[in-house]
>>> print(open('coords.txt').read())   # compact mmCIF, C-alpha atoms
# COMPACT_ATOMS: atom_id res chain seq x y z
CA MET J 1 -11.80 12.29 -12.93
CA ALA J 2 -9.33 14.77 -14.28
CA GLY J 3 -5.64 14.28 -14.95
CA ALA J 4 -2.63 16.34 -15.83
CA ARG J 5 0.88 15.60 -16.99
CA SER J 6 3.83 17.67 -15.85
CA CYS J 7 7.27 17.60 -17.42
CA ARG J 8 10.34 19.48 -16.29
CA ARG J 9 12.24 21.85 -18.52
CA ARG J 10 14.99 24.25 -17.69
CA ARG J 11 12.63 27.14 -16.98
CA LYS J 12 9.09 26.10 -17.79
CA GLY J 13 6.74 23.14 -17.68
CA VAL J 14 3.82 22.03 -19.82
CA LEU J 15 0.57 20.68 -18.40
CA THR J 16 -2.15 18.80 -20.24
CA SER J 17 -5.48 17.73 -18.75
CA VAL J 18 -8.49 15.72 -19.86
CA ARG J 19 -11.69 14.45 -18.30
CA VAL J 20 -12.28 10.74 -18.56
CA ALA J 21 -14.76 8.18 -17.29
CA GLY J 22 -12.29 6.00 -15.39
CA VAL J 23 -8.72 5.61 -14.30
CA PRO J 24 -7.63 3.23 -17.11
CA ARG J 25 -8.76 5.67 -19.82
CA HIS J 26 -6.95 8.45 -18.06
CA PHE J 27 -3.73 6.45 -18.08
CA ASP J 28 -4.17 5.71 -21.78
CA HIS J 29 -4.34 9.45 -22.38
CA GLY J 30 -1.29 10.00 -20.15
CA ASP J 31 0.61 7.46 -22.22
CA GLU J 32 -0.32 9.32 -25.40
CA VAL J 33 0.84 12.64 -23.98
CA LEU J 34 4.17 11.20 -22.88
CA ASP J 35 4.74 9.41 -26.19
CA GLU J 36 3.70 12.28 -28.45
CA ARG J 37 5.34 15.21 -26.64
CA ARG J 38 7.72 17.29 -28.70
CA TYR J 39 10.29 17.67 -25.91
CA ARG J 40 11.88 14.71 -24.15
CA ASN J 41 12.60 15.87 -20.64
CA GLY J 42 15.03 14.23 -18.27
CA PHE J 43 12.24 13.83 -15.72
CA SER J 44 8.50 13.49 -16.32
CA SER J 45 5.55 12.86 -14.06
CA VAL J 46 1.82 12.23 -14.33
CA VAL J 47 -0.60 14.00 -11.97
CA LEU J 48 -3.97 12.37 -11.27
CA LEU J 49 -6.73 14.27 -9.48
CA SER J 50 -9.93 12.53 -8.41
CA ASP J 51 -13.09 13.58 -6.61
CA GLY J 52 -14.90 10.24 -6.96
CA GLN J 53 -14.51 6.48 -7.34
CA ASP J 54 -13.25 4.80 -10.48
CA ASN J 55 -16.15 3.58 -12.61
CA CYS J 56 -14.38 0.31 -13.39
CA THR J 57 -13.93 -0.45 -9.70
CA LEU J 58 -17.58 0.31 -8.93
CA THR J 59 -18.72 -1.94 -11.78
CA ARG J 60 -16.51 -4.80 -10.55
CA GLN J 61 -17.93 -4.53 -7.05
CA ALA J 62 -21.53 -4.31 -8.32
CA LEU J 63 -21.06 -7.51 -10.34
CA GLY J 64 -19.81 -9.34 -7.26
CA SER J 65 -16.38 -9.99 -8.75
CA GLY J 66 -14.67 -9.81 -5.39
CA PRO J 67 -12.60 -7.08 -3.79
CA PRO J 68 -11.19 -4.44 -6.14
CA ASN J 69 -7.78 -5.10 -7.62
CA TYR J 70 -6.42 -1.57 -7.57
CA ALA J 71 -3.01 -2.62 -8.89
CA ALA J 72 -4.70 -3.65 -12.15
CA LEU J 73 -5.60 0.00 -12.75
CA VAL J 74 -1.97 0.80 -13.54
CA PRO J 75 -0.91 -0.25 -17.07
CA PRO J 76 2.50 -1.93 -17.49
CA SER J 77 3.78 1.09 -19.41
CA LEU J 78 3.48 3.29 -16.29
CA ALA J 79 4.23 0.75 -13.54
CA ARG J 80 7.74 0.39 -12.21
CA THR J 81 9.36 -2.59 -13.92
CA GLY J 82 12.08 -3.21 -11.33
CA THR J 83 13.66 -2.11 -8.09
CA THR J 84 16.65 -0.28 -9.52
CA THR J 85 16.52 3.44 -10.14
CA GLY J 86 17.02 3.04 -13.87
CA ASP J 87 13.87 0.92 -14.16
CA ARG J 88 11.54 3.73 -13.05
CA THR J 89 9.05 5.29 -15.45
CA ALA J 90 7.07 8.50 -14.94
CA PRO J 91 5.76 8.43 -11.35
CA ILE J 92 2.07 9.21 -10.83
CA GLN J 93 1.33 11.82 -8.17
CA THR J 94 -2.27 11.21 -7.06
CA PHE J 95 -4.62 13.66 -5.35
CA GLY J 96 -7.94 12.76 -3.80
CA PHE J 97 -10.20 15.65 -2.80
CA GLY J 98 -13.57 15.71 -1.15
CA ARG J 99 -15.22 12.86 0.73
CA GLY J 100 -16.22 10.69 -2.21
CA HIS J 101 -12.89 9.69 -3.72
CA ASP J 102 -11.38 6.22 -3.37
CA ALA J 103 -8.31 6.87 -1.22
CA ALA J 104 -7.17 3.24 -1.30
CA ALA J 105 -7.13 3.23 -5.10
CA MET J 106 -5.25 6.52 -5.31
CA HIS J 107 -2.69 5.30 -2.78
CA VAL J 108 -2.07 2.01 -4.61
CA VAL J 109 -1.68 3.76 -7.97
CA ALA J 110 0.87 6.18 -6.54
CA GLU J 111 2.86 3.46 -4.77
CA ALA J 112 2.91 1.24 -7.86
CA THR J 113 4.58 3.95 -9.90
CA GLY J 114 6.85 5.60 -7.33
CA GLY J 115 4.61 8.62 -6.76
CA THR J 116 2.93 10.01 -3.65
CA PHE J 117 -0.71 10.25 -2.60
CA SER J 118 -2.14 13.48 -1.17
CA PHE J 119 -5.52 14.11 0.40
CA ILE J 120 -7.10 17.53 -0.15
CA GLU J 121 -9.83 17.84 2.44
CA ASN J 122 -10.56 21.50 1.79
CA GLU J 123 -11.40 22.00 -1.88
CA GLU J 124 -10.56 25.70 -1.58
CA VAL J 125 -6.84 24.81 -1.46
CA ILE J 126 -6.78 22.58 -4.56
CA GLN J 127 -4.80 25.26 -6.39
CA ASP J 128 -2.30 25.42 -3.51
CA ALA J 129 -1.93 21.64 -3.46
CA PHE J 130 -1.26 21.48 -7.17
CA ALA J 131 1.19 24.38 -6.92
CA GLN J 132 3.05 22.59 -4.12
CA CYS J 133 3.39 19.48 -6.27
CA VAL J 134 4.52 21.38 -9.37
CA GLY J 135 7.01 23.37 -7.31
CA GLY J 136 8.76 20.12 -6.50
CA LEU J 137 8.52 18.55 -9.97
CA LEU J 138 10.04 21.62 -11.60
CA SER J 139 13.02 21.55 -9.23
CA VAL J 140 14.37 18.03 -9.85
CA VAL J 141 18.17 18.25 -9.76
CA VAL J 142 19.22 14.65 -9.05
CA GLN J 143 18.14 11.42 -10.77
CA ASP J 144 18.99 7.75 -10.40
CA ALA J 145 20.71 8.33 -7.07
CA ARG J 146 22.03 5.24 -5.30
CA LEU J 147 23.76 4.98 -1.93
CA ALA J 148 26.38 2.33 -1.27
CA VAL J 149 27.60 1.35 2.20
CA ALA J 150 30.75 -0.70 2.71
CA CYS J 151 31.97 -1.92 6.10
CA VAL J 152 35.60 -1.05 6.86
CA HIS J 153 36.43 -2.75 10.16
CA PRO J 154 36.47 -6.55 9.68
CA GLY J 155 34.12 -7.08 12.62
CA VAL J 156 31.43 -4.59 11.57
CA ARG J 157 28.24 -5.93 9.95
CA VAL J 158 25.13 -4.26 8.56
CA VAL J 159 22.03 -5.76 10.18
CA SER J 160 19.29 -3.80 8.42
CA VAL J 161 18.47 -0.54 6.65
CA LYS J 162 15.27 1.42 7.32
CA SER J 163 14.62 3.19 4.03
CA GLY J 164 10.83 3.47 3.65
CA VAL J 165 9.68 2.88 0.07
CA TYR J 166 13.22 3.07 -1.26
CA GLU J 167 14.57 -0.34 -2.15
CA SER J 168 17.45 -1.37 0.11
CA ARG J 169 19.62 -4.45 0.03
CA VAL J 170 22.05 -5.94 2.51
CA ASP J 171 24.64 -8.46 1.33
CA GLN J 172 24.34 -11.93 2.78
CA ASP J 173 27.51 -11.50 4.83
CA GLY J 174 26.39 -8.06 6.05
CA ARG J 175 29.52 -6.39 4.76
CA ALA J 176 27.77 -4.07 2.31
CA ALA J 177 24.39 -2.47 1.69
CA SER J 178 22.74 -0.19 -0.86
CA VAL J 179 19.67 2.05 -1.22
CA ALA J 180 18.03 3.04 -4.52
CA VAL J 181 17.02 6.65 -3.89
CA GLY J 182 15.95 7.84 -7.34
CA GLU J 183 15.26 11.55 -7.91
CA LEU J 184 15.67 14.48 -5.54
CA TYR J 185 14.27 17.99 -5.64
CA ALA J 186 16.54 20.96 -5.05
CA ASP J 187 17.45 21.19 -1.32
CA GLU J 188 15.66 17.91 -0.62
CA GLU J 189 17.11 15.35 1.80
CA ARG J 190 16.75 11.63 2.41
CA ARG J 191 17.59 10.12 5.78
CA PHE J 192 18.01 6.37 6.29
CA LEU J 193 18.67 4.47 9.50
CA LEU J 194 21.52 1.99 9.33
CA PHE J 195 21.70 -0.66 12.06
CA LEU J 196 25.16 -2.11 12.63
CA VAL J 197 26.86 -4.77 14.72
CA VAL J 198 30.04 -3.28 16.16
CA PRO J 199 32.49 -5.57 17.97
CA ALA J 200 34.05 -4.72 21.28
CA ALA J 201 37.23 -2.71 21.00
CA GLY J 202 40.39 -4.78 20.70
CA GLU J 203 43.86 -3.95 21.92
CA THR J 204 44.98 -3.08 18.39
CA ASP J 205 41.97 -0.92 17.47
CA GLY J 206 43.38 2.32 18.78
CA GLU J 207 41.31 5.32 19.88
CA VAL J 208 38.78 5.09 17.04
CA THR J 209 37.19 2.34 14.97
CA THR J 210 36.31 3.02 11.35
CA LEU J 211 32.84 1.60 10.82
CA VAL J 212 31.63 2.20 7.26
CA LYS J 213 32.36 4.10 4.09
CA VAL J 214 29.35 5.68 2.33
CA SER J 215 29.29 6.74 -1.31
CA CYS J 216 26.61 8.04 -3.67
CA VAL J 217 26.31 7.90 -7.45
CA TYR J 218 23.70 10.01 -9.24
CA ARG J 219 22.94 11.78 -12.50
CA ASP J 220 22.98 15.57 -12.52
CA SER J 221 19.69 16.57 -14.21
CA THR J 222 21.00 19.92 -15.43
CA ALA J 223 24.36 18.80 -16.81
CA GLY J 224 23.23 15.31 -17.75
CA VAL J 225 26.41 13.74 -16.35
CA GLU J 226 27.02 11.08 -13.73
CA VAL J 227 28.46 12.27 -10.43
CA SER J 228 30.11 10.19 -7.72
CA VAL J 229 30.50 11.44 -4.15
CA THR J 230 32.23 9.72 -1.25
CA ALA J 231 31.60 10.83 2.33
CA GLU J 232 34.14 10.88 5.09
CA ASP J 233 34.59 7.56 6.87
CA THR J 234 32.17 6.98 9.73
CA VAL J 235 34.13 6.36 12.92
CA VAL J 236 33.34 5.73 16.56
CA ALA J 237 35.60 6.79 19.41
CA ARG J 238 36.98 4.09 21.71
CA PRO J 239 38.05 5.92 24.90
CA GLU J 240 39.25 3.95 27.88
CA HIS J 241 36.41 5.40 29.96
CA ALA J 242 33.27 6.05 27.94
CA PRO J 243 31.54 9.34 28.88
CA ASP J 244 27.77 9.51 29.36
CA LEU J 245 26.87 10.93 25.96
CA ALA J 246 23.40 11.72 24.69
CA ARG J 247 22.13 10.10 21.53
CA SER J 248 22.63 12.06 18.31
CA VAL J 249 19.78 14.50 17.72
CA GLU J 250 19.55 13.44 14.08
CA VAL J 251 19.37 9.76 14.99
CA GLU J 252 16.76 10.49 17.67
CA ARG J 253 14.64 12.46 15.20
CA GLU J 254 14.78 9.68 12.63
CA LEU J 255 13.87 7.03 15.20
CA VAL J 256 10.87 9.09 16.32
CA ARG J 257 9.77 9.61 12.71
CA LEU J 258 10.14 5.91 11.88
CA GLU J 259 8.24 4.74 14.98
CA THR J 260 5.51 7.30 14.32
CA THR J 261 5.08 6.09 10.74
CA GLU J 262 4.86 2.47 11.92
CA ASP J 263 2.20 3.34 14.51
CA ILE J 264 0.16 5.33 11.99
CA ALA J 265 0.13 2.23 9.78
CA ALA J 266 -0.84 0.05 12.79
CA ALA J 267 -3.66 2.45 13.73
CA ARG J 268 -4.93 2.41 10.16
CA ALA J 269 -4.96 -1.41 10.16
CA ALA J 270 -6.98 -1.36 13.39
CA ALA J 271 -9.45 1.16 11.97
CA GLU J 272 -9.87 -0.91 8.80
CA ARG J 273 -11.07 -3.87 10.86
CA GLY J 274 -13.39 -1.65 12.91
CA ALA J 275 -11.26 -1.46 16.06
CA HIS J 276 -11.49 2.31 16.35
CA GLN J 277 -10.79 2.53 20.08
CA GLU J 278 -7.61 0.52 19.53
CA ALA J 279 -6.61 2.89 16.73
CA VAL J 280 -7.13 5.88 19.02
CA GLU J 281 -5.04 4.26 21.76
CA ILE J 282 -2.19 3.50 19.34
CA LEU J 283 -2.09 7.09 18.12
CA GLU J 284 -2.44 8.62 21.60
CA ASN J 285 0.32 6.41 23.04
CA ARG J 286 2.59 7.39 20.18
CA ARG J 287 1.69 11.07 20.57
CA ARG J 288 2.69 10.96 24.23
CA ALA J 289 5.93 9.14 23.38
CA VAL J 290 6.75 11.76 20.75
CA ALA J 291 6.02 14.61 23.16
CA GLN J 292 8.25 13.06 25.82
CA SER J 293 11.15 12.26 23.48
CA ASP J 294 14.48 14.01 23.90
CA ALA J 295 14.06 15.53 20.44
CA ALA J 296 10.73 17.11 21.41
CA ARG J 297 12.09 18.44 24.69
CA GLY J 298 14.97 19.91 22.71
CA GLY J 299 12.54 21.86 20.53
CA ASP J 300 13.05 19.83 17.33
CA ALA J 301 10.77 21.29 14.63
CA MET J 302 10.13 18.04 12.76
CA VAL J 303 9.15 16.20 15.93
CA ALA J 304 6.80 19.05 16.85
CA ALA J 305 5.14 18.61 13.46
CA LEU J 306 4.75 14.88 14.10
CA GLU J 307 2.93 15.53 17.36
CA ILE J 308 0.57 17.96 15.62
CA GLU J 309 -0.10 15.35 12.92
CA LEU J 310 -0.87 12.63 15.47
CA ARG J 311 -3.17 14.94 17.42
CA ASP J 312 -5.05 15.75 14.21
CA MET J 313 -5.51 12.05 13.39
CA LEU J 314 -7.08 11.11 16.74
CA GLY J 315 -10.54 12.40 15.92
CA ARG J 316 -10.41 10.99 12.41
CA VAL J 317 -10.20 7.37 13.60
CA SER J 318 -12.54 7.60 16.60
CA SER J 319 -15.54 6.20 14.70
CA GLN J 320 -16.36 4.44 11.46
CA GLN J 321 -18.09 7.55 10.18
CA ASN J 322 -15.09 9.80 10.84
CA TYR J 323 -12.68 7.25 9.44
CA ALA J 324 -14.65 6.81 6.21
CA ARG J 325 -15.14 10.57 5.84
CA SER J 326 -11.49 11.63 6.15
CA GLY J 327 -9.49 9.28 8.37
CA ARG J 328 -8.56 6.68 5.78
CA ALA J 329 -7.44 9.25 3.22
CA HIS J 330 -5.58 11.35 5.78
CA MET J 331 -3.67 8.38 7.18
CA LEU J 332 -2.77 6.95 3.77
CA ALA J 333 -1.47 10.35 2.70
CA GLY J 334 0.55 10.67 5.90
CA ILE J 335 2.08 7.23 5.44
CA SER J 336 2.92 8.08 1.82
CA ALA J 337 4.64 11.33 2.82
CA HIS J 338 6.73 9.76 5.58
CA MET J 339 7.68 6.66 3.61
CA HIS J 340 8.83 8.82 0.68
CA GLN J 341 10.17 11.62 2.91
CA ARG J 342 8.48 14.01 0.52
CA SER J 343 6.23 17.00 1.11
CA SER J 344 2.53 16.18 0.87
CA SER J 345 -0.34 18.51 0.06
CA SER J 346 -2.37 16.74 2.75
CA SER J 347 -0.70 18.91 5.39
CA LEU J 348 -2.19 22.07 3.90
CA GLY J 349 -5.58 21.54 5.51
CA SER J 350 -4.16 20.65 8.93
CA TRP J 351 -1.78 23.59 8.99
CA SER J 352 -4.44 26.04 7.86
CA GLU J 353 -6.66 24.85 10.70
CA LEU J 354 -3.79 25.66 13.05
CA GLU J 355 -3.72 29.19 11.65
CA LEU J 356 -0.24 28.88 10.19
CA PRO J 357 1.18 32.38 9.72
CA TRP J 358 2.87 33.49 6.53
CA VAL J 359 6.27 34.02 8.13
CA ILE J 360 8.60 31.22 7.06
CA GLY J 361 12.27 30.94 7.91
CA PHE J 362 15.14 29.17 6.18
CA HIS J 363 18.15 28.21 8.27
CA ASP J 364 20.58 25.32 8.64
CA GLY J 365 19.20 23.75 5.49
CA GLY J 366 15.69 23.55 6.99
CA VAL J 367 12.41 25.32 6.43
CA THR J 368 10.65 26.34 9.64
CA THR J 369 7.66 28.37 10.70
CA SER J 370 5.63 29.07 13.82
CA THR J 371 2.10 27.93 14.50
CA THR J 372 -0.36 28.26 17.36
CA HIS J 373 -1.31 24.99 19.03
CA GLN J 374 -4.84 24.23 20.19
CA ASP J 375 -3.93 25.07 23.77
CA SER J 376 -2.66 28.48 22.57
CA HIS J 377 1.03 27.99 23.33
CA GLN J 378 3.51 28.76 20.58
CA VAL J 379 5.19 25.85 18.84
CA ASP J 380 8.04 26.01 16.33
CA ALA J 381 7.26 23.36 13.73
CA THR J 382 8.42 22.50 10.24
CA LEU J 383 6.14 21.91 7.27
CA PRO J 384 7.28 18.31 6.76
CA TYR J 385 9.80 17.79 3.95
CA ALA J 386 9.03 21.13 2.28
CA THR J 387 11.83 22.67 0.23
CA PRO J 388 12.33 26.38 -0.59
CA ALA J 389 11.14 25.77 -4.17
CA ILE J 390 7.96 24.06 -2.97
CA LEU J 391 7.20 26.77 -0.44
CA ALA J 392 7.90 29.53 -2.94
CA MET J 393 5.36 28.04 -5.37
CA LEU J 394 2.88 27.48 -2.54
CA LEU J 395 3.11 31.06 -1.31
CA ARG J 396 2.83 32.34 -4.87
CA SER J 397 -0.40 30.34 -5.28
CA ARG J 398 -1.84 31.58 -1.99
CA ARG J 399 -1.12 35.19 -2.80
CA ALA J 400 -2.68 34.82 -6.24
CA ARG J 401 -5.73 33.19 -4.69
CA GLU J 402 -6.07 35.94 -2.09
CA ALA J 403 -5.64 38.63 -4.76
CA ALA J 404 -8.37 37.01 -6.84
CA ALA J 405 -10.64 36.86 -3.80
CA GLU J 406 -10.01 40.54 -3.08
CA GLY J 407 -10.79 41.36 -6.71
CA ARG J 408 -14.08 39.48 -6.52
CA LEU J 409 -14.94 41.27 -3.29
CA GLU J 410 -14.25 44.65 -4.86
CA ARG J 411 -16.40 43.78 -7.89
CA ASP J 412 -19.23 42.61 -5.65
CA GLU J 413 -19.04 45.85 -3.67
CA ALA J 414 -19.03 47.89 -6.89
CA ILE J 415 -22.07 46.00 -8.16
CA GLU J 416 -23.92 46.53 -4.89
CA GLU J 417 -23.05 50.21 -4.96
CA ALA J 418 -24.24 50.54 -8.58
CA GLU J 419 -27.47 48.72 -7.82
CA GLY J 420 -28.02 50.95 -4.82
CA SER J 421 -27.50 54.05 -6.94
CA GLN J 422 -29.95 52.81 -9.55
CA LEU J 423 -32.53 52.08 -6.86
CA LYS J 424 -32.08 55.57 -5.42
CA VAL J 425 -32.56 57.17 -8.86
CA ARG J 426 -35.74 55.20 -9.47
CA GLU J 427 -37.10 56.23 -6.08
CA GLU J 428 -36.38 59.90 -6.87
CA VAL J 429 -38.08 59.61 -10.26
CA ASN J 430 -41.16 57.99 -8.72
CA GLN J 431 -41.37 60.81 -6.23
>>> encode(input="coords.txt", output="structure tokens")
Amino acid sequence: MAGARSCRRRRKGVLTSVRVAGVPRHFDHGDEVLDERRYRNGFSSVVLLSDGQDNCTLTRQALGSGPPNYAALVPPSLARTGTTTGDRTAPIQTFGFGRGHDAAAMHVVAEATGGTFSFIENEEVIQDAFAQCVGGLLSVVVQDARLAVACVHPGVRVVSVKSGVYESRVDQDGRAASVAVGELYADEERRFLLFLVVPAAGETDGEVTTLVKVSCVYRDSTAGVEVSVTAEDTVVARPEHAPDLARSVEVERELVRLETTEDIAAARAAAERGAHQEAVEILENRRRAVAQSDAARGGDAMVAALEIELRDMLGRVSSQQNYARSGRAHMLAGISAHMHQRSSSSSLGSWSELELPWVIGFHDGGVTTSTTHQDSHQVDATLPYATPAILAMLLRSRRAREAAAEGRLERDEAIEEAEGSQLKVREEVNQ
């Protein structure tokens, strides 16, 4: 296994790597790097890359000590010690590449520390995957972010908050809620679904009812100061005759994303117990539901990407062999990306298979591109959760890789030409 530590500075980062025999030793080295570094950055992260199984886990299984306890791989010094944003240590971003790595272990390690897990199926894009990760880590602009929701109307109550891996709390009386968001990359977004109970309009309510007030407190990474932002009050109109209005596009998109994530997890659970046909049916039913959603019919780029992802997963869960080869890792990486709402390197392989062109557009705060679907019709889709900084680093890596490949090709051609000339000279001399 190999590991690397990345820390953010104003304009440059430092990476350190070492080869070790197992995950625990790697983490010991990561601890040393973090403790002994000369510069104390506002945000630090550990990057773990693996192409095999942890030796300690294999030894435990060989000795018949029961199922592996992956959580024990993470030392207390790197594990999150609480649910509040201030309790977080350096998150571990894990990467599993090839068919031999232990995806379950990598996923647990990432989740235990607040990091994400990525699956790199095509080893040729390892450089791109690492560049995508670093592009995000070097663009952290917000830390310790926390959302607070307070009900305004006396009859409004918060029922639940769908926030993925981000810790959310709802007061016992339902009058307030909060979400611990943590850090954000430049141009990154987090979207959370808030379910409310809204009473029927009363005679004294007027034309609108003020539902909730939302505020956010965070630390500016560049200035090192705390910032507080309060949004405009959320209101709902109370006309005498309610018009037939369509659901908000943003709410529809988030519902589709949430339901897709839940079904991917359900399909994975089915595949883990060997029910591969059930897993296929879960994914196919969800794919059809996504394709028929109002957001998909409206050309929503994120929803188009979800359908492509579901289509790609179908073959990976169809049999035990396919699931063990790539399905488990691909699904765990997808769940990690959607639960964190953070760009994953796992999408690189899928998008390259779809012949993703190099033309990328930025508009309305989003990053979009066009890809050709398997049935050859053009689909506008978004590379999920990618930010301009991440894409810029990714494109820089791809261009460098292509330039290096062209250089190798030119050298090979020059060598062949030189060898051909030498052969021709020898033939002339022999004559």
>>> residues_around(input="coords.txt", residues="segment 115-121 of chain J", least_positions_apart="5", cutoff="7 Å", atoms="only C-alpha atoms", output="ChimeraX atom specification")
/J:91-98,106-107,110,126,329-330,333,336-337,344-346,349
>>> residues_near_point(input="coords.txt", point="(12.8, 19.8, -9.7)", cutoff="9 Å", atoms="only C-alpha atoms", output="list in words")
Arg8, Phe43, Val134, Gly135, Gly136, Leu137, Leu138, Ser139, Val140, Val141, Val142, Glu183, Leu184, Tyr185, Ala186, Ser221 and Ala389 of chain J
>>> atom_distance(input="coords.txt", atom1="atom CA of Ala296 of chain J", atom2="atom CA of Val235 of chain J")
27.1 Å
>>> closest_residue(input="coords.txt", among="J:Ala295, J:Val217, J:Ala269, J:Ala231", to="Val249 of chain J", atoms="only C-alpha atoms")
J:Ala295
>>> residues_around(input="coords.txt", residues="segment 243-246 of chain J", least_positions_apart="5", cutoff="12 Å", atoms="only C-alpha atoms", output="PyMOL selection string")
chain J and resi 237-238+251-252+294-295+298
>>> residues_around(input="coords.txt", residues="Arg219 of chain J", least_positions_apart="5", cutoff="8 Å", atoms="only C-alpha atoms", output="number ranges by chain")
J: 142-145, 224-227
>>> closest_residue(input="coords.txt", among="J:Leu48, J:Met313, J:Ile335, J:Ala301", to="Glu259 of chain J", atoms="all atoms listed in the file")
J:Ile335
>>> atom_distance(input="coords.txt", atom1="atom CA of Leu211 of chain J", atom2="atom CA of Glu232 of chain J")
11.0 Å
>>> residues_around(input="coords.txt", residues="segment 399-402 of chain J", least_positions_apart="6", cutoff="12 Å", atoms="all atoms listed in the file", output="list of chain:residue names")
J:Glu124, J:Val125, J:Ile126, J:Gln127, J:Asp128, J:Ala131, J:Trp358, J:Ala392, J:Met393, J:Arg408, J:Leu409
>>> atom_distance(input="coords.txt", atom1="atom CA of Lys162 of chain J", atom2="atom CA of Leu194 of chain J")
6.6 Å
>>> residues_around(input="coords.txt", residues="Gly202 of chain J", least_positions_apart="5", cutoff="12 Å", atoms="only C-alpha atoms", output="list in words")
His153, Pro154, Gly155, Glu207, Val208, Thr209, Arg238, Pro239 and Glu240 of chain J
>>> closest_residue(input="coords.txt", among="J:Pro199, J:Gly164, J:Gly299, J:Gly327", to="Val181 of chain J", atoms="only C-alpha atoms")
J:Gly164
>>> closest_residue(input="coords.txt", among="J:Arg175, J:Arg273, J:His338, J:Arg411", to="Gln320 of chain J", atoms="only C-alpha atoms")
J:Arg273
>>> closest_residue(input="coords.txt", among="J:Ser215, J:Leu78, J:Arg342, J:Arg268", to="Ile390 of chain J", atoms="all atoms listed in the file")
J:Arg342
>>> axis_aligned_box(input="coords.txt", around="segment 403-413 of chain J", padding_each_side="4 Å", output="JSON")
{"center_x": -12.4, "center_y": 41.4, "center_z": -5.5, "size_x": 21.6, "size_y": 17.0, "size_z": 12.8}
>>> decode(input="coords.txt", residues="segment 196-208 of chain J", atoms="N, CA and C atoms", output="PDB file, in the first residue's frame")
ATOM      1  N   LEU J 196     -41.165  19.563   6.649  1.00  0.00           N
ATOM      2  CA  LEU J 196     -41.868  20.391   7.619  1.00  0.00           C
ATOM      3  C   LEU J 196     -43.336  19.997   7.738  1.00  0.00           C
ATOM      4  N   VAL J 197     -43.921  20.283   8.886  1.00  0.00           N
ATOM      5  CA  VAL J 197     -45.365  20.249   9.075  1.00  0.00           C
ATOM      6  C   VAL J 197     -45.835  21.697   9.047  1.00  0.00           C
ATOM      7  N   VAL J 198     -46.714  22.005   8.114  1.00  0.00           N
ATOM      8  CA  VAL J 198     -47.225  23.367   7.960  1.00  0.00           C
ATOM      9  C   VAL J 198     -48.732  23.341   8.208  1.00  0.00           C
ATOM     10  N   PRO J 199     -49.218  24.119   9.165  1.00  0.00           N
ATOM     11  CA  PRO J 199     -50.649  24.106   9.473  1.00  0.00           C
ATOM     12  C   PRO J 199     -51.472  24.762   8.377  1.00  0.00           C
ATOM     13  N   ALA J 200     -52.734  24.453   8.377  1.00  0.00           N
ATOM     14  CA  ALA J 200     -53.630  25.119   7.427  1.00  0.00           C
ATOM     15  C   ALA J 200     -53.665  26.610   7.712  1.00  0.00           C
ATOM     16  N   ALA J 201     -53.878  27.371   6.669  1.00  0.00           N
ATOM     17  CA  ALA J 201     -53.883  28.831   6.807  1.00  0.00           C
ATOM     18  C   ALA J 201     -55.043  29.279   7.678  1.00  0.00           C
ATOM     19  N   GLY J 202     -54.744  30.190   8.609  1.00  0.00           N
ATOM     20  CA  GLY J 202     -55.780  30.747   9.468  1.00  0.00           C
ATOM     21  C   GLY J 202     -56.248  32.099   8.946  1.00  0.00           C
ATOM     22  N   GLU J 203     -57.290  32.599   9.530  1.00  0.00           N
ATOM     23  CA  GLU J 203     -57.850  33.872   9.071  1.00  0.00           C
ATOM     24  C   GLU J 203     -56.886  35.023   9.285  1.00  0.00           C
ATOM     25  N   THR J 204     -56.010  34.907  10.260  1.00  0.00           N
ATOM     26  CA  THR J 204     -55.086  36.003  10.569  1.00  0.00           C
ATOM     27  C   THR J 204     -53.714  35.830   9.929  1.00  0.00           C
ATOM     28  N   ASP J 205     -53.534  34.780   9.113  1.00  0.00           N
ATOM     29  CA  ASP J 205     -52.211  34.514   8.534  1.00  0.00           C
ATOM     30  C   ASP J 205     -51.865  35.436   7.375  1.00  0.00           C
ATOM     31  N   GLY J 206     -52.809  36.017   6.733  1.00  0.00           N
ATOM     32  CA  GLY J 206     -52.521  36.881   5.608  1.00  0.00           C
ATOM     33  C   GLY J 206     -52.244  36.096   4.338  1.00  0.00           C
ATOM     34  N   GLU J 207     -51.588  36.750   3.374  1.00  0.00           N
ATOM     35  CA  GLU J 207     -51.348  36.136   2.069  1.00  0.00           C
ATOM     36  C   GLU J 207     -50.151  35.194   2.058  1.00  0.00           C
ATOM     37  N   VAL J 208     -49.262  35.333   3.034  1.00  0.00           N
ATOM     38  CA  VAL J 208     -48.089  34.451   3.105  1.00  0.00           C
ATOM     39  C   VAL J 208     -47.885  33.996   4.540  1.00  0.00           C
TER      40      VAL J 208
END
